[in-house]
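Chemist: This is the content of upload_27.pdb (PDB, C-alpha atoms):
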```pdb
ATOM      1  CA  MET A   4      39.291   0.276   1.190
ATOM      2  CA  SER A   5      40.149   0.953  -2.444
ATOM      3  CA  SER A   6      37.175  -1.102  -3.666
ATOM      4  CA  ALA A   7      34.628   1.058  -1.840
ATOM      5  CA  ASP A   8      31.214   1.437  -3.479
ATOM      6  CA  LYS A   9      32.041  -1.466  -5.778
ATOM      7  CA  ILE A  10      30.671  -4.955  -6.200
ATOM      8  CA  GLN A  11      32.626  -7.706  -7.969
ATOM      9  CA  ARG A  12      31.766 -11.301  -8.695
ATOM     10  CA  ILE A  13      34.370 -14.006  -8.168
ATOM     11  CA  LEU A  14      34.854 -16.840 -10.643
ATOM     12  CA  PHE A  15      36.381 -20.106  -9.444
ATOM     13  CA  GLU A  16      37.667 -21.773 -12.598
ATOM     14  CA  GLU A  17      38.019 -25.306 -11.231
ATOM     15  CA  ALA A  18      35.216 -25.462  -8.664
ATOM     16  CA  ASP A  19      31.410 -25.325  -8.739
ATOM     17  CA  VAL A  20      31.429 -22.288  -6.490
ATOM     18  CA  ARG A  21      30.497 -18.692  -7.137
ATOM     19  CA  GLY A  22      31.338 -15.656  -5.083
ATOM     20  CA  VAL A  23      30.844 -11.924  -4.784
ATOM     21  CA  VAL A  24      32.407  -9.180  -2.681
ATOM     22  CA  ALA A  25      31.013  -5.716  -2.051
ATOM     23  CA  GLY A  26      32.097  -2.577  -0.212
ATOM     24  CA  LEU A  27      30.058   0.517   0.652
ATOM     25  CA  HIS A  28      31.530   3.826   1.780
ATOM     26  CA  THR A  29      29.975   6.929   0.193
ATOM     27  CA  SER A  30      26.731   5.037  -0.421
ATOM     28  CA  TYR A  31      26.667   3.866   3.206
ATOM     29  CA  GLY A  32      27.401   7.377   4.452
ATOM     30  CA  ALA A  33      24.552   8.774   2.358
ATOM     31  CA  VAL A  34      22.117   6.438   4.130
ATOM     32  CA  MET A  35      23.455   7.250   7.598
ATOM     33  CA  GLU A  36      23.535  11.050   7.199
ATOM     34  CA  ARG A  37      19.789  11.170   6.632
ATOM     35  CA  ASN A  38      18.939   9.723  10.046
ATOM     36  CA  THR A  39      20.394   9.672  13.556
ATOM     37  CA  TYR A  40      20.877   6.120  14.802
ATOM     38  CA  PRO A  41      22.863   4.675  17.728
ATOM     39  CA  LEU A  42      26.218   3.239  16.635
ATOM     40  CA  MET A  43      25.044  -0.357  17.078
ATOM     41  CA  ILE A  44      22.125   0.274  14.720
ATOM     42  CA  GLN A  45      24.414   2.043  12.230
ATOM     43  CA  LYS A  46      26.598  -1.053  12.136
ATOM     44  CA  LEU A  47      23.686  -3.473  11.788
ATOM     45  CA  LEU A  48      22.110  -1.394   9.035
ATOM     46  CA  GLY A  49      25.482  -1.308   7.285
ATOM     47  CA  GLU A  50      25.591  -5.101   7.394
ATOM     48  CA  MET A  51      22.050  -5.171   5.980
ATOM     49  CA  LEU A  52      23.095  -2.915   3.094
ATOM     50  CA  ALA A  53      26.140  -5.052   2.339
ATOM     51  CA  ALA A  54      24.033  -8.210   2.539
ATOM     52  CA  VAL A  55      21.249  -7.067   0.214
ATOM     53  CA  THR A  56      23.875  -5.916  -2.294
ATOM     54  CA  LEU A  57      25.555  -9.324  -2.250
ATOM     55  CA  LEU A  58      22.237 -11.142  -2.579
ATOM     56  CA  SER A  59      21.132  -8.988  -5.503
ATOM     57  CA  SER A  60      24.124 -10.240  -7.485
ATOM     58  CA  THR A  61      22.808 -13.814  -7.360
ATOM     59  CA  LEU A  62      19.592 -12.842  -9.167
ATOM     60  CA  LYS A  63      18.895 -11.945 -12.773
ATOM     61  CA  PHE A  64      15.877  -9.645 -12.803
ATOM     62  CA  GLU A  65      14.778  -6.040 -13.163
ATOM     63  CA  GLY A  66      13.339  -4.584 -10.027
ATOM     64  CA  ARG A  67      14.424  -4.431  -6.413
ATOM     65  CA  LEU A  68      15.515  -6.817  -3.671
ATOM     66  CA  ILE A  69      14.400  -5.963  -0.144
ATOM     67  CA  LEU A  70      15.884  -7.422   3.038
ATOM     68  CA  GLN A  71      13.945  -6.863   6.270
ATOM     69  CA  ALA A  72      14.616  -7.874   9.854
ATOM     70  CA  GLN A  73      11.494  -7.409  11.975
ATOM     71  CA  GLY A  74      10.848  -7.857  15.681
ATOM     72  CA  GLU A  75       8.398  -7.078  18.456
ATOM     73  CA  GLY A  76      10.801  -5.143  20.709
ATOM     74  CA  ALA A  77      12.149  -1.599  20.596
ATOM     75  CA  LEU A  78      13.997  -2.325  17.361
ATOM     76  CA  ARG A  79      11.003  -2.874  15.133
ATOM     77  CA  LEU A  80      12.612  -2.938  11.715
ATOM     78  CA  LEU A  81      15.848  -2.896   9.778
ATOM     79  CA  MET A  82      15.324  -2.663   6.027
ATOM     80  CA  ALA A  83      17.751  -2.414   3.131
ATOM     81  CA  GLU A  84      17.051  -2.376  -0.601
ATOM     82  CA  CYS A  85      19.120  -2.813  -3.746
ATOM     83  CA  SER A  86      17.828  -2.349  -7.284
ATOM     84  CA  HIS A  87      19.090  -3.986 -10.460
ATOM     85  CA  HIS A  88      20.784  -0.629 -11.117
ATOM     86  CA  LEU A  89      22.842  -1.282  -7.929
ATOM     87  CA  GLN A  90      21.195   1.634  -6.150
ATOM     88  CA  VAL A  91      20.788   1.141  -2.415
ATOM     89  CA  ARG A  92      18.838   2.664   0.437
ATOM     90  CA  GLY A  93      18.031   1.593   3.993
ATOM     91  CA  ILE A  94      16.213   2.518   7.179
ATOM     92  CA  ALA A  95      15.805   1.487  10.819
ATOM     93  CA  ARG A  96      12.653   1.902  12.876
ATOM     94  CA  ILE A  97      13.037   2.168  16.653
ATOM     95  CA  GLU A  98      10.185   2.506  19.154
ATOM     96  CA  GLY A  99      11.294   3.018  22.746
ATOM     97  CA  GLU A 100      14.609   2.339  24.459
ATOM     98  CA  LEU A 101      16.911  -0.249  22.972
ATOM     99  CA  PRO A 102      17.951  -3.091  25.285
ATOM    100  CA  ASP A 103      21.546  -3.764  26.266
ATOM    101  CA  ALA A 104      22.548  -6.372  23.709
ATOM    102  CA  ASP A 105      25.691  -7.417  21.925
ATOM    103  CA  SER A 106      24.274  -9.625  19.193
ATOM    104  CA  PHE A 107      21.925  -9.299  16.267
ATOM    105  CA  SER A 108      19.356 -11.787  17.552
ATOM    106  CA  GLN A 109      19.241 -10.272  21.057
ATOM    107  CA  LEU A 110      18.002  -6.970  19.638
ATOM    108  CA  PHE A 111      14.945  -8.581  18.088
ATOM    109  CA  ALA A 112      12.128 -10.067  20.139
ATOM    110  CA  GLN A 113      10.492 -12.913  18.198
ATOM    111  CA  GLY A 114      12.437 -11.750  15.173
ATOM    112  CA  ARG A 115      11.967 -12.852  11.594
ATOM    113  CA  LEU A 116      13.984 -12.231   8.468
ATOM    114  CA  ALA A 117      12.234 -11.557   5.157
ATOM    115  CA  LEU A 118      13.743 -11.471   1.683
ATOM    116  CA  THR A 119      11.451  -9.936  -0.921
ATOM    117  CA  ILE A 120      11.888  -9.797  -4.689
ATOM    118  CA  GLU A 121       9.855  -7.048  -6.375
ATOM    119  CA  PRO A 122      10.298  -7.420 -10.143
ATOM    120  CA  ALA A 123       9.502  -4.473 -12.377
ATOM    121  CA  ASN A 124       7.129  -6.814 -14.173
ATOM    122  CA  GLY A 125       5.750  -9.975 -12.684
ATOM    123  CA  GLN A 126       4.759 -11.440  -9.351
ATOM    124  CA  ARG A 127       6.232 -10.381  -6.037
ATOM    125  CA  TYR A 128       7.968 -13.137  -4.077
ATOM    126  CA  GLN A 129       8.851 -13.248  -0.384
ATOM    127  CA  GLY A 130      10.662 -15.794   1.770
ATOM    128  CA  VAL A 131      10.597 -15.586   5.588
ATOM    129  CA  VAL A 132      12.607 -17.415   8.252
ATOM    130  CA  PRO A 133      12.797 -16.959  12.040
ATOM    131  CA  MET A 134      15.943 -15.247  13.318
ATOM    132  CA  GLU A 135      17.408 -17.961  15.490
ATOM    133  CA  GLN A 136      21.109 -17.328  14.896
ATOM    134  CA  GLY A 137      23.540 -14.942  16.551
ATOM    135  CA  SER A 138      24.323 -12.710  13.572
ATOM    136  CA  LEU A 139      22.762 -11.447  10.366
ATOM    137  CA  ALA A 140      25.243 -13.472   8.295
ATOM    138  CA  GLU A 141      24.313 -16.682  10.120
ATOM    139  CA  CYS A 142      20.591 -15.920   9.752
ATOM    140  CA  LEU A 143      21.044 -15.493   5.990
ATOM    141  CA  GLU A 144      23.025 -18.725   5.744
ATOM    142  CA  ASP A 145      20.133 -20.389   7.590
ATOM    143  CA  TYR A 146      17.704 -18.862   5.076
ATOM    144  CA  PHE A 147      19.564 -20.370   2.121
ATOM    145  CA  SER A 148      19.822 -23.713   3.891
ATOM    146  CA  ARG A 149      16.058 -23.790   4.527
ATOM    147  CA  SER A 150      14.664 -22.279   1.346
ATOM    148  CA  GLU A 151      17.210 -22.861  -1.401
ATOM    149  CA  GLN A 152      19.172 -25.867  -0.104
ATOM    150  CA  LEU A 153      22.322 -24.150  -1.335
ATOM    151  CA  PRO A 154      25.429 -24.306   0.884
ATOM    152  CA  THR A 155      26.302 -20.632   1.465
ATOM    153  CA  ARG A 156      28.882 -18.692   3.451
ATOM    154  CA  ILE A 157      28.329 -15.010   4.143
ATOM    155  CA  GLN A 158      30.674 -12.634   5.937
ATOM    156  CA  LEU A 159      29.615  -9.085   6.829
ATOM    157  CA  ALA A 160      31.325  -6.180   8.570
ATOM    158  CA  CYS A 161      30.621  -2.540   9.386
ATOM    159  CA  ASP A 162      32.492  -0.097  11.626
ATOM    160  CA  GLY A 163      30.100   2.855  11.422
ATOM    161  CA  GLU A 164      31.970   4.472   8.539
ATOM    162  CA  ARG A 165      31.929   1.745   5.895
ATOM    163  CA  ALA A 166      30.409  -1.655   5.307
ATOM    164  CA  ALA A 167      31.547  -4.708   3.375
ATOM    165  CA  GLY A 168      30.596  -8.286   2.703
ATOM    166  CA  MET A 169      31.560 -11.465   0.909
ATOM    167  CA  LEU A 170      29.291 -14.271  -0.239
ATOM    168  CA  LEU A 171      30.353 -17.728  -1.409
ATOM    169  CA  GLN A 172      27.854 -20.266  -2.669
ATOM    170  CA  VAL A 173      27.727 -23.630  -4.391
ATOM    171  CA  LEU A 174      26.399 -23.238  -7.928
ATOM    172  CA  PRO A 175      22.726 -24.277  -8.147
ATOM    173  CA  ALA A 176      23.488 -26.822 -10.895
ATOM    174  CA  ALA A 177      26.151 -28.471  -8.723
ATOM    175  CA  GLY A 178      23.746 -29.615  -6.019
ATOM    176  CA  GLY A 179      25.162 -30.047  -2.517
ATOM    177  CA  GLY A 180      28.608 -29.436  -1.110
ATOM    178  CA  SER A 181      31.868 -30.972  -2.281
ATOM    179  CA  GLU A 182      35.537 -31.197  -1.363
ATOM    180  CA  ASP A 183      36.093 -28.000  -3.359
ATOM    181  CA  TRP A 184      33.381 -26.248  -1.369
ATOM    182  CA  ASN A 185      34.766 -27.431   1.948
ATOM    183  CA  ARG A 186      38.289 -26.304   1.051
ATOM    184  CA  ILE A 187      37.197 -22.886  -0.184
ATOM    185  CA  GLY A 188      35.028 -22.445   2.889
ATOM    186  CA  VAL A 189      37.898 -23.185   5.236
ATOM    187  CA  LEU A 190      40.027 -20.570   3.458
ATOM    188  CA  ALA A 191      37.218 -18.018   3.567
ATOM    189  CA  ASP A 192      36.764 -18.532   7.304
ATOM    190  CA  THR A 193      40.268 -17.136   7.894
ATOM    191  CA  LEU A 194      39.154 -13.685   6.724
ATOM    192  CA  THR A 195      38.854 -11.185   9.579
ATOM    193  CA  GLN A 196      36.355  -8.334   9.747
ATOM    194  CA  GLU A 197      39.212  -5.820   9.680
ATOM    195  CA  GLU A 198      40.572  -7.379   6.475
ATOM    196  CA  LEU A 199      37.102  -7.374   4.947
ATOM    197  CA  LEU A 200      36.788  -3.656   5.660
ATOM    198  CA  THR A 201      40.312  -2.522   4.787
ATOM    199  CA  LEU A 202      41.712  -4.729   2.015
ATOM    200  CA  ASP A 203      40.897  -3.938  -1.599
ATOM    201  CA  ASN A 204      39.205  -6.766  -3.457
ATOM    202  CA  GLU A 205      42.280  -7.897  -5.387
ATOM    203  CA  SER A 206      44.423  -8.078  -2.249
ATOM    204  CA  MET A 207      41.705  -9.902  -0.341
ATOM    205  CA  LEU A 208      41.241 -12.434  -3.128
ATOM    206  CA  TYR A 209      44.969 -13.126  -3.248
ATOM    207  CA  ARG A 210      45.161 -13.325   0.539
ATOM    208  CA  LEU A 211      42.442 -15.990   0.657
ATOM    209  CA  PHE A 212      42.587 -17.910  -2.599
ATOM    210  CA  HIS A 213      46.035 -17.517  -4.157
ATOM    211  CA  GLU A 214      46.254 -21.306  -4.497
ATOM    212  CA  GLU A 215      42.892 -21.499  -6.301
ATOM    213  CA  GLU A 216      42.164 -20.847  -9.973
ATOM    214  CA  CYS A 217      39.973 -17.791  -9.524
ATOM    215  CA  ARG A 218      39.601 -14.230 -10.745
ATOM    216  CA  LEU A 219      37.481 -11.128 -10.255
ATOM    217  CA  TYR A 220      34.933  -9.889 -12.754
ATOM    218  CA  GLU A 221      34.930  -6.205 -13.666
ATOM    219  CA  ALA A 222      33.746  -4.035 -10.794
ATOM    220  CA  GLN A 223      30.303  -2.410 -10.852
ATOM    221  CA  THR A 224      29.501   0.789  -8.985
ATOM    222  CA  LEU A 225      27.118   1.020  -6.027
ATOM    223  CA  ALA A 226      25.312   4.256  -5.182
ATOM    224  CA  PHE A 227      22.669   5.576  -2.821
ATOM    225  CA  HIS A 228      19.380   6.436  -4.486
ATOM    226  CA  CYS A 229      15.850   6.950  -3.228
ATOM    227  CA  ASP A 230      13.081   6.502  -5.781
ATOM    228  CA  CYS A 231      10.395   8.342  -3.833
ATOM    229  CA  SER A 232       8.424  10.950  -5.795
ATOM    230  CA  ARG A 233       5.485  13.289  -5.460
ATOM    231  CA  GLU A 234       3.530  11.080  -7.850
ATOM    232  CA  ARG A 235       4.061   7.949  -5.743
ATOM    233  CA  CYS A 236       3.043   9.799  -2.588
ATOM    234  CA  GLY A 237      -0.057  11.072  -4.375
ATOM    235  CA  ARG A 238      -1.047   7.539  -5.369
ATOM    236  CA  ALA A 239      -0.673   6.456  -1.757
ATOM    237  CA  LEU A 240      -2.888   9.308  -0.567
ATOM    238  CA  GLN A 241      -5.593   8.308  -3.027
ATOM    239  CA  LEU A 242      -6.065   5.104  -1.045
ATOM    240  CA  VAL A 243      -7.040   7.089   2.049
ATOM    241  CA  GLY A 244     -10.117   8.789   0.621
ATOM    242  CA  ARG A 245     -11.194  12.367  -0.102
ATOM    243  CA  ASP A 246     -13.084  13.146   3.099
ATOM    244  CA  GLU A 247     -10.344  11.862   5.377
ATOM    245  CA  LEU A 248      -7.650  13.754   3.442
ATOM    246  CA  LEU A 249      -9.566  17.040   3.501
ATOM    247  CA  ALA A 250     -10.225  16.660   7.230
ATOM    248  CA  ALA A 251      -6.535  15.941   7.902
ATOM    249  CA  ALA A 252      -5.483  18.927   5.808
ATOM    250  CA  GLY A 253      -7.857  21.157   7.761
ATOM    251  CA  GLU A 254      -6.269  20.011  11.022
ATOM    252  CA  GLN A 255      -2.735  20.619   9.685
ATOM    253  CA  GLY A 256      -3.012  24.203   8.469
ATOM    254  CA  GLY A 257      -4.528  23.506   5.068
ATOM    255  CA  HIS A 258      -2.124  20.894   3.745
ATOM    256  CA  ILE A 259      -0.871  17.355   4.263
ATOM    257  CA  SER A 260       2.847  16.612   4.535
ATOM    258  CA  VAL A 261       4.217  13.243   3.449
ATOM    259  CA  ASP A 262       7.770  12.496   4.610
ATOM    260  CA  CYS A 263      10.017   9.938   2.951
ATOM    261  CA  GLN A 264      11.777   8.139   5.799
ATOM    262  CA  PHE A 265      14.569   6.959   3.489
ATOM    263  CA  CYS A 266      15.777  10.374   2.306
ATOM    264  CA  ASN A 267      13.789  12.861   4.451
ATOM    265  CA  THR A 268      12.237  14.584   1.438
ATOM    266  CA  VAL A 269       8.907  16.231   2.367
ATOM    267  CA  TYR A 270       6.042  16.406  -0.129
ATOM    268  CA  GLN A 271       3.152  18.776   0.624
ATOM    269  CA  PHE A 272      -0.388  18.530  -0.748
ATOM    270  CA  ASP A 273      -2.869  21.378  -0.248
ATOM    271  CA  ARG A 274      -6.658  21.328  -0.622
ATOM    272  CA  GLU A 275      -6.544  21.831  -4.396
ATOM    273  CA  ASP A 276      -4.006  19.034  -4.747
ATOM    274  CA  ILE A 277      -6.263  16.705  -2.743
ATOM    275  CA  LEU A 278      -9.328  17.586  -4.808
ATOM    276  CA  GLU A 279      -7.412  16.904  -7.996
ATOM    277  CA  LEU A 280      -5.996  13.595  -6.709
ATOM    278  CA  THR A 281      -9.460  12.399  -5.670
ATOM    279  CA  GLU A 282     -11.472  13.797  -8.552
ATOM    280  CA  ASP A 283     -12.959  10.391  -9.316
ATOM    281  CA  GLN A 284     -14.257  10.245  -5.716
ATOM    282  CA  ARG A 285     -16.239  13.488  -5.845
ATOM    283  CA  PRO A 286     -20.035  13.289  -5.658
ATOM    284  CA  SER A 287     -21.920  13.651  -8.918
ATOM    285  CA  GLY A 288     -22.388  17.288  -9.832
ATOM    286  CA  GLU A 289     -19.600  18.578  -7.592
ATOM    287  CA  THR A 290     -17.002  20.741  -9.330
ATOM    288  CA  LEU A 291     -13.454  21.555  -8.326
ATOM    289  CA  HIS A 292     -13.021  24.964  -6.720
TER     290      HIS A 292
END
```
Let's see the structure in the file written out as structure tokens.
Modeler:
Amino acid sequence: MSSADKIQRILFEEADVRGVVAGLHTSYGAVMERNTYPLMIQKLLGEMLAAVTLLSSTLKFEGRLILQAQGEGALRLLMAECSHHLQVRGIARIEGELPDADSFSQLFAQGRLALTIEPANGQRYQGVVPMEQGSLAECLEDYFSRSEQLPTRIQLACDGERAAGMLLQVLPAAGGGSEDWNRIGVLADTLTQEELLTLDNESMLYRLFHEEECRLYEAQTLAFHCDCSRERCGRALQLVGRDELLAAAGEQGGHISVDCQFCNTVYQFDREDILELTEDQRPSGETLH
């Protein structure tokens, strides 16, 4: 896939339709190498990463977009994030033995899909829909149908080594569907998962839409990045409280370890670190020592 780790928007000159295509290879591998997941989960998490990347392109904001699939079974969580810098990360949380299942919805008991926008400045927004469809792509199309009333087609693929996706959507100003939308959708439905994973973006665009007036915008680069830090972990520990932190450190050999599940970085805080973090919680007259 020559367009790996790239995202490109598609412009349809004569139709009120927008599109975007994305491929992840090195960035996807960087997420997978930090955890050991069964192949099925690797593929689903790859689809999540491709999906959140596509969705981020439809927004104009500074911050991060978070896509979460949550359930009550052994597969508790799939989460993928993409920032406005096109930096991605993702994680799966499994508790117990996974069931034998061959579809996205079967892996989640009472599943729900959440899309969260966390702007750098401003109010956090979250939309949630039940996962009642047979694939992540269909669940996302259902989300847009329910919450945005925008006809949307999403195609996702992952083979355990790379992930890719394509999104087509009626422009918000255009309202509902049209003959153009129906025609473009029919053409898009002929794309196979193998083609989505192996064709470069230019070849795929020509393969699908060579009779349409359309072109690709300049490609932008995707990359893995985890924004965890010692400072952020310290702020989280401050919410626990001084006494509890000191007691936990005493039970763990004199320090507390905080692991980032996204990148496996470990941050350690000893007694002096805890006292400094919680200085405003110390009793009057107590001094650091």
Chemist: Given all atoms listed in the file as the basis, pick out the residue of A:Ser260, A:Gln223, A:Ile94, A:Glu100 nearest to A:Asn38.
Modeler: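 For A:Asn38, the nearest of the given residues is A:Ile94.
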Chemist: Return as an mmCIF file with C-alpha atoms, in the frame of the given file the set of residues that the PyMOL selection byres ((chain A and resi 133) around 9) yields on the displayed structure.
Modeler:
```cif
data_model
loop_
_atom_site.group_PDB
_atom_site.id
_atom_site.type_symbol
_atom_site.label_atom_id
_atom_site.label_comp_id
_atom_site.auth_asym_id
_atom_site.auth_seq_id
_atom_site.Cartn_x
_atom_site.Cartn_y
_atom_site.Cartn_z
ATOM 1 C CA GLN A 113 10.492 -12.913 18.198
ATOM 2 C CA GLY A 114 12.437 -11.750 15.173
ATOM 3 C CA ARG A 115 11.967 -12.852 11.594
ATOM 4 C CA LEU A 116 13.984 -12.231 8.468
ATOM 5 C CA ALA A 117 12.234 -11.557 5.157
ATOM 6 C CA VAL A 131 10.597 -15.586 5.588
ATOM 7 C CA VAL A 132 12.607 -17.415 8.252
ATOM 8 C CA MET A 134 15.943 -15.247 13.318
ATOM 9 C CA GLU A 135 17.408 -17.961 15.490
ATOM 10 C CA GLN A 136 21.109 -17.328 14.896
ATOM 11 C CA CYS A 142 20.591 -15.920 9.752
ATOM 12 C CA TYR A 146 17.704 -18.862 5.076
#
```
Chemist: If we count all atoms listed in the file, what is near A:Arg274 at a cut-off of 8 Å, once residues fewer than 3 positions away on the same chain are taken out, given as a PDB file with C-alpha atoms, keeping the file's coordinate frame?
Modeler:
```
ATOM      1  CA  LEU A 249      -9.566  17.040   3.501  1.00  0.00           C
ATOM      2  CA  ALA A 252      -5.483  18.927   5.808  1.00  0.00           C
ATOM      3  CA  GLY A 257      -4.528  23.506   5.068  1.00  0.00           C
ATOM      4  CA  HIS A 258      -2.124  20.894   3.745  1.00  0.00           C
ATOM      5  CA  ILE A 277      -6.263  16.705  -2.743  1.00  0.00           C
ATOM      6  CA  LEU A 278      -9.328  17.586  -4.808  1.00  0.00           C
TER       7      LEU A 278
END
```
Chemist: For A:Ser60, which residue out of A:Gly163, A:Gly32, A:Gly256, A:Gly22 is the nearest one, using all atoms listed in the file?
Modeler: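 Using all atoms listed in the file, A:Ser60 sits closest to A:Gly22.
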Chemist: Within 12 Å of A:Pro154, counting all atoms listed in the file, which residues qualify if same-chain residues fewer than 4 places away don't, as a short mmCIF file (atom, residue, chain, number, x, y, z; two decimals) with C-alpha atoms, in the coordinates of the input?
Modeler:
```
data_model
loop_
_atom_site.label_atom_id
_atom_site.label_comp_id
_atom_site.auth_asym_id
_atom_site.auth_seq_id
_atom_site.Cartn_x
_atom_site.Cartn_y
_atom_site.Cartn_z
CA ASP A 19 31.41 -25.32 -8.74
CA VAL A 20 31.43 -22.29 -6.49
CA ARG A 21 30.50 -18.69 -7.14
CA LEU A 143 21.04 -15.49 5.99
CA GLU A 144 23.02 -18.73 5.74
CA ASP A 145 20.13 -20.39 7.59
CA TYR A 146 17.70 -18.86 5.08
CA PHE A 147 19.56 -20.37 2.12
CA SER A 148 19.82 -23.71 3.89
CA ARG A 149 16.06 -23.79 4.53
CA SER A 150 14.66 -22.28 1.35
CA LEU A 170 29.29 -14.27 -0.24
CA LEU A 171 30.35 -17.73 -1.41
CA GLN A 172 27.85 -20.27 -2.67
CA VAL A 173 27.73 -23.63 -4.39
CA LEU A 174 26.40 -23.24 -7.93
CA PRO A 175 22.73 -24.28 -8.15
CA ALA A 177 26.15 -28.47 -8.72
CA GLY A 178 23.75 -29.62 -6.02
CA GLY A 179 25.16 -30.05 -2.52
CA GLY A 180 28.61 -29.44 -1.11
CA SER A 181 31.87 -30.97 -2.28
CA TRP A 184 33.38 -26.25 -1.37
CA ASN A 185 34.77 -27.43 1.95
CA ILE A 187 37.20 -22.89 -0.18
CA GLY A 188 35.03 -22.44 2.89
#
```
Chemist: Here's the selection I'm unsure about, the PyMOL selection byres ((chain A and resi 229-240) around 10); applied to the file above, which residues does it give, as a count of residues only?
Modeler: 33
Chemist: Would you work out the distance separating atom CA of A:Gly125 from atom CA of A:Ser86, expressed in Å to one decimal?
Modeler: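 Atom-to-atom, atom CA of A:Gly125 to atom CA of A:Ser86, that is 15.3 Å.
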Chemist: One number please: atom CA of A:Ala176 to atom CA of A:Ala18, in Å, one decimal.
Modeler: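 We find that atom CA of A:Ala176 and atom CA of A:Ala18 lie 12.0 Å from each other.
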Chemist: Using only C-alpha atoms for the distances, tell me which of A:Cys85, A:Ala95, A:Leu68, A:Leu219 is nearest to A:Met35.
Modeler: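 Residue with the minimum atom-to-atom distance to A:Met35: A:Ala95.
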Chemist: For the file shown, what are the residues hit by the PyMOL selection byres ((chain A and resi 108) around 7), laid out as a PyMOL selection string?
Modeler: chain A and resi 106-107+109-111+134-138
Chemist: Can you tell me, as a list in words, what residues are no more than 10 Å from A:Ile10 when counting all atoms listed in the file, ignoring any on the same chain fewer than 4 positions away?
Modeler: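 Near neighbours after the sequence-gap exclusion: Ser6, Val23, Val24, Ala25, Gly26, Leu27, Ala53, Thr56, Leu57, Ser60, Leu89, Ala167, Gly168, Met169, Asn204, Tyr220, Glu221, Ala222, Gln223, Thr224 and Leu225 of chain A.
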Chemist: For a quick check of understanding, using only C-alpha atoms, which of A:Ala166, A:Thr61, A:Asp283, A:Glu17 has the smallest distance to A:Glu182?
Modeler: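 Looking only at the distances to A:Glu182, the closest residue turns out to be A:Glu17.
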